[in-house]
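Shown next: model_22.txt, given as compact mmCIF, N, CA and C atoms.
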```txt
# COMPACT_ATOMS: atom_id res chain seq x y z
N MET A 154 81.88 91.54 107.17
CA MET A 154 82.44 91.10 108.44
C MET A 154 83.85 90.55 108.24
N LYS A 155 84.03 89.73 107.22
CA LYS A 155 85.34 89.14 106.97
C LYS A 155 86.37 90.22 106.67
N GLN A 156 85.98 91.24 105.90
CA GLN A 156 86.90 92.33 105.57
C GLN A 156 87.40 93.02 106.84
N LYS A 157 86.53 93.22 107.81
CA LYS A 157 86.93 93.85 109.06
C LYS A 157 88.00 93.03 109.78
N ASN A 158 87.86 91.71 109.79
CA ASN A 158 88.86 90.84 110.42
C ASN A 158 90.21 90.96 109.73
N VAL A 159 90.20 91.05 108.41
CA VAL A 159 91.44 91.20 107.67
C VAL A 159 92.14 92.48 108.08
N GLN A 160 91.39 93.59 108.18
CA GLN A 160 91.99 94.86 108.54
C GLN A 160 92.51 94.83 109.97
N GLN A 161 91.76 94.26 110.90
CA GLN A 161 92.21 94.19 112.28
C GLN A 161 93.48 93.35 112.39
N GLY A 162 93.58 92.27 111.64
CA GLY A 162 94.74 91.40 111.71
C GLY A 162 96.00 92.02 111.17
N CYS A 163 95.89 93.14 110.46
CA CYS A 163 97.06 93.76 109.84
C CYS A 163 97.58 94.98 110.60
N LYS A 164 96.89 95.43 111.64
CA LYS A 164 97.38 96.56 112.42
C LYS A 164 98.64 96.15 113.18
N MET A 165 99.64 97.02 113.17
CA MET A 165 100.88 96.73 113.87
C MET A 165 100.82 97.27 115.30
N LYS A 166 101.25 96.46 116.25
CA LYS A 166 101.30 96.82 117.66
C LYS A 166 102.75 96.80 118.11
N GLN A 167 103.03 97.49 119.20
CA GLN A 167 104.39 97.57 119.72
C GLN A 167 104.64 96.49 120.76
N PHE A 168 105.86 95.99 120.81
CA PHE A 168 106.25 95.01 121.81
C PHE A 168 106.32 95.66 123.19
N SER A 169 106.03 94.87 124.22
CA SER A 169 106.25 95.34 125.59
C SER A 169 107.75 95.33 125.85
N SER A 170 108.18 95.98 126.91
CA SER A 170 109.61 95.99 127.23
C SER A 170 110.11 94.58 127.54
N ALA A 171 109.27 93.74 128.17
CA ALA A 171 109.67 92.35 128.47
C ALA A 171 109.83 91.55 127.18
N GLN A 172 108.94 91.77 126.22
CA GLN A 172 109.04 91.06 124.94
C GLN A 172 110.28 91.50 124.17
N LEU A 173 110.58 92.80 124.18
CA LEU A 173 111.79 93.30 123.51
C LEU A 173 113.04 92.72 124.15
N GLU A 174 113.07 92.66 125.46
CA GLU A 174 114.22 92.11 126.17
C GLU A 174 114.40 90.63 125.81
N PHE A 175 113.29 89.90 125.73
CA PHE A 175 113.34 88.49 125.35
C PHE A 175 113.91 88.32 123.94
N LEU A 176 113.46 89.14 123.00
CA LEU A 176 113.96 89.06 121.62
C LEU A 176 115.45 89.40 121.55
N LYS A 177 115.90 90.34 122.37
CA LYS A 177 117.34 90.64 122.42
C LYS A 177 118.11 89.44 122.95
N GLN A 178 117.57 88.78 123.97
CA GLN A 178 118.22 87.59 124.55
C GLN A 178 118.33 86.49 123.50
N ILE A 179 117.28 86.25 122.75
CA ILE A 179 117.30 85.23 121.70
C ILE A 179 118.33 85.58 120.64
N SER A 180 118.41 86.86 120.27
CA SER A 180 119.39 87.28 119.27
C SER A 180 120.81 87.00 119.74
N LEU A 181 121.07 87.25 121.01
CA LEU A 181 122.40 86.96 121.55
C LEU A 181 122.68 85.47 121.58
N GLN A 182 121.69 84.67 121.98
CA GLN A 182 121.85 83.21 122.03
C GLN A 182 122.15 82.64 120.65
N GLU A 183 121.45 83.15 119.65
CA GLU A 183 121.58 82.61 118.29
C GLU A 183 122.70 83.27 117.49
N LYS A 184 123.24 84.35 118.02
CA LYS A 184 124.25 85.13 117.30
C LYS A 184 123.72 85.58 115.94
N GLU A 185 122.43 85.93 115.92
CA GLU A 185 121.75 86.44 114.73
C GLU A 185 120.87 87.60 115.17
N ASP A 186 120.72 88.60 114.32
CA ASP A 186 119.92 89.76 114.71
C ASP A 186 118.52 89.76 114.11
N ASP A 187 118.07 88.62 113.60
CA ASP A 187 116.75 88.55 112.96
C ASP A 187 115.64 89.10 113.85
N TRP A 188 115.66 88.72 115.11
CA TRP A 188 114.57 89.12 116.00
C TRP A 188 114.63 90.60 116.33
N LEU A 189 115.79 91.21 116.23
CA LEU A 189 115.91 92.64 116.50
C LEU A 189 115.37 93.48 115.35
N ARG A 190 115.17 92.88 114.20
CA ARG A 190 114.63 93.59 113.04
C ARG A 190 113.11 93.58 112.98
N ILE A 191 112.46 92.91 113.91
CA ILE A 191 111.01 92.87 113.94
C ILE A 191 110.51 94.15 114.61
N LEU A 192 109.81 94.97 113.87
CA LEU A 192 109.43 96.29 114.36
C LEU A 192 108.14 96.30 115.17
N GLY A 193 107.32 95.32 115.00
CA GLY A 193 106.04 95.24 115.70
C GLY A 193 105.33 93.98 115.27
N TYR A 194 104.11 93.81 115.73
CA TYR A 194 103.38 92.60 115.40
C TYR A 194 101.90 92.90 115.18
N SER A 195 101.23 91.99 114.47
CA SER A 195 99.79 92.06 114.27
C SER A 195 99.07 91.14 115.25
N GLU A 196 99.71 90.04 115.56
CA GLU A 196 99.17 89.04 116.50
C GLU A 196 100.35 88.43 117.22
N ILE A 197 100.16 88.10 118.51
CA ILE A 197 101.27 87.51 119.27
C ILE A 197 100.74 86.56 120.33
N ILE A 198 101.51 85.52 120.58
CA ILE A 198 101.26 84.57 121.65
C ILE A 198 102.55 84.47 122.44
N GLU A 199 102.45 84.54 123.75
CA GLU A 199 103.66 84.36 124.56
C GLU A 199 103.43 83.27 125.59
N LYS A 200 104.51 82.61 125.92
CA LYS A 200 104.50 81.56 126.94
C LYS A 200 105.46 82.01 128.03
N LYS A 201 104.97 81.92 129.29
CA LYS A 201 105.79 82.31 130.43
C LYS A 201 106.00 81.13 131.36
N SER A 202 107.10 81.19 132.09
CA SER A 202 107.39 80.25 133.15
C SER A 202 108.01 81.04 134.30
N ASN A 203 107.47 80.88 135.48
CA ASN A 203 107.95 81.65 136.64
C ASN A 203 107.98 83.15 136.37
N GLY A 204 106.97 83.65 135.64
CA GLY A 204 106.85 85.07 135.36
C GLY A 204 107.75 85.60 134.25
N LYS A 205 108.56 84.73 133.65
CA LYS A 205 109.46 85.16 132.57
C LYS A 205 109.02 84.57 131.25
N ILE A 206 109.16 85.34 130.19
CA ILE A 206 108.83 84.86 128.85
C ILE A 206 109.84 83.80 128.45
N ILE A 207 109.33 82.66 127.99
CA ILE A 207 110.22 81.61 127.49
C ILE A 207 109.96 81.33 126.01
N GLY A 208 108.88 81.92 125.46
CA GLY A 208 108.59 81.72 124.04
C GLY A 208 107.64 82.79 123.52
N LEU A 209 107.87 83.21 122.28
CA LEU A 209 107.00 84.15 121.58
C LEU A 209 106.76 83.62 120.18
N ALA A 210 105.52 83.70 119.73
CA ALA A 210 105.20 83.44 118.32
C ALA A 210 104.29 84.57 117.89
N GLY A 211 104.53 85.10 116.72
CA GLY A 211 103.71 86.21 116.28
C GLY A 211 103.74 86.40 114.78
N VAL A 212 102.94 87.35 114.35
CA VAL A 212 102.86 87.72 112.94
C VAL A 212 103.31 89.16 112.82
N THR A 213 104.24 89.40 111.95
CA THR A 213 104.71 90.74 111.65
C THR A 213 104.50 90.98 110.16
N LYS A 214 104.77 92.19 109.71
CA LYS A 214 104.69 92.48 108.28
C LYS A 214 106.10 92.69 107.76
N ARG A 215 106.56 91.78 106.92
CA ARG A 215 107.85 91.95 106.26
C ARG A 215 107.64 92.80 105.03
N TYR A 216 108.58 93.64 104.75
CA TYR A 216 108.51 94.51 103.58
C TYR A 216 107.22 95.31 103.58
N PHE A 217 106.70 95.60 104.77
CA PHE A 217 105.54 96.42 105.02
C PHE A 217 104.21 95.84 104.54
N LEU A 218 104.20 94.62 104.02
CA LEU A 218 102.93 94.08 103.58
C LEU A 218 102.77 92.57 103.65
N ILE A 219 103.83 91.82 103.79
CA ILE A 219 103.73 90.36 103.77
C ILE A 219 103.58 89.85 105.21
N PRO A 220 102.42 89.24 105.56
CA PRO A 220 102.28 88.70 106.91
C PRO A 220 103.23 87.51 107.12
N SER A 221 104.14 87.67 108.06
CA SER A 221 105.21 86.69 108.27
C SER A 221 105.27 86.23 109.71
N LEU A 222 105.50 84.93 109.88
CA LEU A 222 105.63 84.33 111.20
C LEU A 222 107.00 84.61 111.79
N PHE A 223 107.04 84.93 113.07
CA PHE A 223 108.29 84.86 113.82
C PHE A 223 108.02 84.00 115.05
N ILE A 224 109.01 83.25 115.42
CA ILE A 224 108.88 82.39 116.59
C ILE A 224 110.24 82.31 117.27
N ALA A 225 110.25 82.46 118.58
CA ALA A 225 111.49 82.43 119.35
C ALA A 225 111.23 81.70 120.65
N VAL A 226 112.12 80.78 120.99
CA VAL A 226 112.00 80.01 122.23
C VAL A 226 113.36 80.07 122.93
N SER A 227 113.32 80.30 124.23
CA SER A 227 114.54 80.34 125.03
C SER A 227 115.32 79.04 124.86
N LYS A 228 116.62 79.15 124.76
CA LYS A 228 117.48 77.99 124.52
C LYS A 228 117.24 76.86 125.52
N ASN A 229 117.03 77.21 126.78
CA ASN A 229 116.82 76.20 127.83
C ASN A 229 115.48 75.47 127.71
N GLU A 230 114.56 76.02 126.95
CA GLU A 230 113.21 75.44 126.83
C GLU A 230 113.01 74.67 125.52
N ARG A 231 114.00 74.67 124.66
CA ARG A 231 113.85 74.00 123.36
C ARG A 231 113.74 72.50 123.55
N GLY A 232 112.90 71.88 122.74
CA GLY A 232 112.68 70.45 122.83
C GLY A 232 111.64 70.06 123.86
N GLU A 233 111.00 71.07 124.47
CA GLU A 233 110.00 70.82 125.51
C GLU A 233 108.57 71.05 125.01
N GLY A 234 108.40 71.33 123.72
CA GLY A 234 107.06 71.53 123.17
C GLY A 234 106.55 72.97 123.21
N VAL A 235 107.38 73.90 123.65
CA VAL A 235 106.97 75.30 123.74
C VAL A 235 106.65 75.87 122.36
N ALA A 236 107.51 75.64 121.39
CA ALA A 236 107.30 76.16 120.04
C ALA A 236 106.01 75.61 119.44
N SER A 237 105.77 74.32 119.60
CA SER A 237 104.54 73.71 119.08
C SER A 237 103.30 74.32 119.74
N GLU A 238 103.37 74.51 121.04
CA GLU A 238 102.22 75.07 121.78
C GLU A 238 101.90 76.49 121.33
N ILE A 239 102.91 77.35 121.29
CA ILE A 239 102.61 78.74 120.95
C ILE A 239 102.26 78.90 119.48
N LEU A 240 102.87 78.09 118.61
CA LEU A 240 102.52 78.17 117.19
C LEU A 240 101.09 77.66 116.96
N SER A 241 100.71 76.59 117.62
CA SER A 241 99.33 76.08 117.52
C SER A 241 98.32 77.14 117.95
N ASN A 242 98.61 77.79 119.08
CA ASN A 242 97.70 78.83 119.58
C ASN A 242 97.63 80.03 118.65
N LEU A 243 98.76 80.39 118.06
CA LEU A 243 98.77 81.51 117.11
C LEU A 243 97.94 81.18 115.88
N LEU A 244 98.10 79.98 115.36
CA LEU A 244 97.39 79.60 114.13
C LEU A 244 95.88 79.47 114.35
N LYS A 245 95.45 79.28 115.58
CA LYS A 245 94.01 79.29 115.88
C LYS A 245 93.44 80.69 115.71
N LYS A 246 94.26 81.71 115.93
CA LYS A 246 93.81 83.10 115.85
C LYS A 246 94.04 83.71 114.46
N TRP A 247 95.06 83.25 113.75
CA TRP A 247 95.46 83.86 112.47
C TRP A 247 94.99 82.97 111.33
N LYS A 248 94.01 83.44 110.58
CA LYS A 248 93.41 82.62 109.52
C LYS A 248 93.85 83.02 108.11
N LEU A 249 94.60 84.08 107.99
CA LEU A 249 95.04 84.55 106.67
C LEU A 249 96.28 83.78 106.22
N PRO A 250 96.63 83.87 104.93
CA PRO A 250 97.91 83.28 104.50
C PRO A 250 99.06 83.84 105.34
N LEU A 251 100.06 83.01 105.56
CA LEU A 251 101.18 83.38 106.42
C LEU A 251 102.46 82.83 105.81
N PHE A 252 103.48 83.66 105.80
CA PHE A 252 104.78 83.28 105.27
C PHE A 252 105.79 83.13 106.40
N LEU A 253 106.88 82.46 106.12
CA LEU A 253 108.02 82.41 107.02
C LEU A 253 109.25 82.08 106.21
N THR A 254 110.39 82.40 106.79
CA THR A 254 111.66 81.95 106.22
C THR A 254 112.46 81.31 107.34
N TYR A 255 113.29 80.37 106.96
CA TYR A 255 114.23 79.78 107.91
C TYR A 255 115.55 79.56 107.18
N TYR A 256 116.62 79.52 107.97
CA TYR A 256 117.95 79.31 107.39
C TYR A 256 118.08 77.87 106.89
N LYS A 257 118.66 77.72 105.71
CA LYS A 257 118.89 76.39 105.14
C LYS A 257 119.69 75.50 106.09
N LYS A 258 120.62 76.12 106.83
CA LYS A 258 121.46 75.34 107.75
C LYS A 258 120.65 74.74 108.90
N LYS A 259 119.42 75.21 109.10
CA LYS A 259 118.53 74.66 110.13
C LYS A 259 117.47 73.78 109.46
N SER A 260 117.95 72.78 108.75
CA SER A 260 117.06 71.95 107.92
C SER A 260 115.99 71.21 108.73
N HIS A 261 116.22 70.98 110.02
CA HIS A 261 115.22 70.31 110.86
C HIS A 261 113.92 71.12 110.95
N LEU A 262 114.00 72.42 110.66
CA LEU A 262 112.81 73.26 110.74
C LEU A 262 111.80 72.95 109.63
N GLU A 263 112.26 72.41 108.52
CA GLU A 263 111.32 72.05 107.45
C GLU A 263 110.28 71.06 107.97
N GLN A 264 110.72 70.04 108.66
CA GLN A 264 109.80 69.04 109.21
C GLN A 264 108.88 69.66 110.28
N PHE A 265 109.45 70.49 111.14
CA PHE A 265 108.65 71.14 112.18
C PHE A 265 107.54 71.98 111.57
N TYR A 266 107.88 72.87 110.63
CA TYR A 266 106.87 73.76 110.06
C TYR A 266 105.88 73.01 109.18
N SER A 267 106.30 71.95 108.53
CA SER A 267 105.37 71.19 107.68
C SER A 267 104.26 70.55 108.51
N LYS A 268 104.53 70.23 109.78
CA LYS A 268 103.48 69.69 110.66
C LYS A 268 102.34 70.69 110.86
N PHE A 269 102.63 71.96 110.66
CA PHE A 269 101.63 73.01 110.85
C PHE A 269 101.08 73.52 109.53
N GLY A 270 101.38 72.83 108.44
CA GLY A 270 100.80 73.18 107.14
C GLY A 270 101.61 74.13 106.29
N PHE A 271 102.83 74.47 106.70
CA PHE A 271 103.68 75.33 105.88
C PHE A 271 104.34 74.50 104.79
N ARG A 272 104.41 75.07 103.59
CA ARG A 272 105.03 74.39 102.45
C ARG A 272 106.13 75.27 101.86
N LYS A 273 107.24 74.63 101.49
CA LYS A 273 108.35 75.36 100.86
C LYS A 273 107.90 75.93 99.52
N ILE A 274 108.33 77.15 99.26
CA ILE A 274 108.06 77.77 97.96
C ILE A 274 109.34 77.83 97.14
N LEU A 275 110.38 78.48 97.71
CA LEU A 275 111.63 78.67 96.96
C LEU A 275 112.74 79.16 97.87
N PRO A 276 113.98 79.09 97.38
CA PRO A 276 115.09 79.67 98.14
C PRO A 276 114.88 81.18 98.28
N TRP A 277 115.37 81.75 99.38
CA TRP A 277 115.14 83.17 99.66
C TRP A 277 116.48 83.82 100.01
N PHE A 278 116.97 84.67 99.14
CA PHE A 278 118.23 85.37 99.33
C PHE A 278 119.40 84.45 99.61
N GLY A 279 119.40 83.25 99.02
CA GLY A 279 120.53 82.35 99.08
C GLY A 279 120.70 81.53 100.34
N LYS A 280 120.45 82.12 101.51
CA LYS A 280 120.68 81.42 102.77
C LYS A 280 119.41 80.86 103.40
N ARG A 281 118.28 81.22 102.88
CA ARG A 281 117.02 80.87 103.52
C ARG A 281 116.07 80.13 102.57
N ILE A 282 115.01 79.59 103.17
CA ILE A 282 113.93 78.97 102.43
C ILE A 282 112.65 79.74 102.76
N LEU A 283 111.87 80.09 101.74
CA LEU A 283 110.59 80.77 101.93
C LEU A 283 109.48 79.73 101.93
N CYS A 284 108.58 79.82 102.93
CA CYS A 284 107.45 78.90 103.06
C CYS A 284 106.15 79.68 103.19
N ILE A 285 105.04 79.01 102.89
CA ILE A 285 103.72 79.63 103.02
C ILE A 285 102.74 78.64 103.63
N LYS A 286 101.78 79.19 104.35
CA LYS A 286 100.63 78.44 104.85
C LYS A 286 99.40 79.19 104.39
N VAL A 287 98.53 78.51 103.65
CA VAL A 287 97.30 79.16 103.18
C VAL A 287 96.08 78.54 103.81
```
Could the structure of this file be written out as structure tokens, please?
Amino acid sequence: MKQKNVQQGCKMKQFSSAQLEFLKQISLQEKEDDWLRILGYSEIIEKKSNGKIIGLAGVTKRYFLIPSLFIAVSKNERGEGVASEILSNLLKKWKLPLFLTYYKKKSHLEQFYSKFGFRKILPWFGKRILCIKV
């Protein structure tokens, strides 16, 4: 039974057009294309307000095999608990080890992710920090 859950959690699904548009918006806001490089997801949680997506948290496969967290919140909604809510809901569904990276220049994210059990492992390609939750 457990093996079946592992396999189901690793299937990649395609984003809806609304989710893709949201990720493009976040990329423009942040002036970074990280979210545009996410090809699909294994698990996703979205938060809407007035029918529009204001936050997405999901699991994708980096390098075709590493389950990795992505999380994006609309600039106007930051600091309102959206990221905590969607990440909490995602972690209730995703029980496997999970990785993430964040930019060193966003050092406040270390404290945020540590509240959810992520621990720093090592620097990642010079500009980022690699973390894991087991």
Practice item. Give me every strand (DSSP E) residue in region 166-250 of chain A, going by DSSP on the backbone, as a VMD selection string. Key: chain A and resid 196 to 202 205 to 215 219 to 226
Output N, CA and C atoms for every residue in that selection, as a CSV table (one decimal), keeping the file's coordinate frame.
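The resulting selection_21.csv:
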```csv
chain,number,residue,atom,x,y,z
A,196,GLU,N,99.7,90.0,115.6
A,196,GLU,CA,99.2,89.0,116.5
A,196,GLU,C,100.4,88.4,117.2
A,197,ILE,N,100.2,88.1,118.5
A,197,ILE,CA,101.3,87.5,119.3
A,197,ILE,C,100.7,86.6,120.3
A,198,ILE,N,101.5,85.5,120.6
A,198,ILE,CA,101.3,84.6,121.6
A,198,ILE,C,102.6,84.5,122.4
A,199,GLU,N,102.4,84.5,123.8
A,199,GLU,CA,103.7,84.4,124.6
A,199,GLU,C,103.4,83.3,125.6
A,200,LYS,N,104.5,82.6,125.9
A,200,LYS,CA,104.5,81.6,126.9
A,200,LYS,C,105.5,82.0,128.0
A,201,LYS,N,105.0,81.9,129.3
A,201,LYS,CA,105.8,82.3,130.4
A,201,LYS,C,106.0,81.1,131.4
A,202,SER,N,107.1,81.2,132.1
A,202,SER,CA,107.4,80.2,133.2
A,202,SER,C,108.0,81.0,134.3
A,205,LYS,N,108.6,84.7,133.6
A,205,LYS,CA,109.5,85.2,132.6
A,205,LYS,C,109.0,84.6,131.2
A,206,ILE,N,109.2,85.3,130.2
A,206,ILE,CA,108.8,84.9,128.8
A,206,ILE,C,109.8,83.8,128.4
A,207,ILE,N,109.3,82.7,128.0
A,207,ILE,CA,110.2,81.6,127.5
A,207,ILE,C,110.0,81.3,126.0
A,208,GLY,N,108.9,81.9,125.5
A,208,GLY,CA,108.6,81.7,124.0
A,208,GLY,C,107.6,82.8,123.5
A,209,LEU,N,107.9,83.2,122.3
A,209,LEU,CA,107.0,84.2,121.6
A,209,LEU,C,106.8,83.6,120.2
A,210,ALA,N,105.5,83.7,119.7
A,210,ALA,CA,105.2,83.4,118.3
A,210,ALA,C,104.3,84.6,117.9
A,211,GLY,N,104.5,85.1,116.7
A,211,GLY,CA,103.7,86.2,116.3
A,211,GLY,C,103.7,86.4,114.8
A,212,VAL,N,102.9,87.4,114.4
A,212,VAL,CA,102.9,87.7,112.9
A,212,VAL,C,103.3,89.2,112.8
A,213,THR,N,104.2,89.4,112.0
A,213,THR,CA,104.7,90.7,111.6
A,213,THR,C,104.5,91.0,110.2
A,214,LYS,N,104.8,92.2,109.7
A,214,LYS,CA,104.7,92.5,108.3
A,214,LYS,C,106.1,92.7,107.8
A,215,ARG,N,106.6,91.8,106.9
A,215,ARG,CA,107.8,92.0,106.3
A,215,ARG,C,107.6,92.8,105.0
A,219,ILE,N,103.8,91.8,103.8
A,219,ILE,CA,103.7,90.4,103.8
A,219,ILE,C,103.6,89.8,105.2
A,220,PRO,N,102.4,89.2,105.6
A,220,PRO,CA,102.3,88.7,106.9
A,220,PRO,C,103.2,87.5,107.1
A,221,SER,N,104.1,87.7,108.1
A,221,SER,CA,105.2,86.7,108.3
A,221,SER,C,105.3,86.2,109.7
A,222,LEU,N,105.5,84.9,109.9
A,222,LEU,CA,105.6,84.3,111.2
A,222,LEU,C,107.0,84.6,111.8
A,223,PHE,N,107.0,84.9,113.1
A,223,PHE,CA,108.3,84.9,113.8
A,223,PHE,C,108.0,84.0,115.0
A,224,ILE,N,109.0,83.2,115.4
A,224,ILE,CA,108.9,82.4,116.6
A,224,ILE,C,110.2,82.3,117.3
A,225,ALA,N,110.2,82.5,118.6
A,225,ALA,CA,111.5,82.4,119.4
A,225,ALA,C,111.2,81.7,120.6
A,226,VAL,N,112.1,80.8,121.0
A,226,VAL,CA,112.0,80.0,122.2
A,226,VAL,C,113.4,80.1,122.9
```
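For the pair atom C of Phe278 (chain A) and atom C of Gly211 (chain A), the interatomic distance is 21.9 Å.
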Centre, edges in Å (one decimal): axis-aligned box, region 179-197 of chain A, 5 Å padding on all six sides, as lines of an AutoDock Vina configuration file:
```
center_x = 111.7
center_y = 89.5
center_z = 117.9
size_x = 35.2
size_y = 23.7
size_z = 19.8
```
Practice item. Pick out the closest residue to Phe175 (chain A) from this set: A:Val212, A:Leu253, A:Ala225, A:Val235. Count only N, CA and C atoms. Key: A:Ala225
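One finds atom N of Gln172 (chain A) at 26.4 Å from atom N of Glu263 (chain A).
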Practice item. List every protein, DNA or RNA residue that has an atom no more than 10 Å from (116.8, 89.2, 121.5) in the file's coordinate frame, counting only C-alpha atoms, and report them as number ranges by chain. Key: A: 172-190, 225, 227
Check your understanding: Taking the backbone alone, and naming residues the way the document does, which bits of region 158-277 of chain A are helix (DSSP H, G or I) by DSSP, as a PyMOL selection string?
Key -> chain A and resi 158-163+170-183+187-190+228-230+235-246+261-267
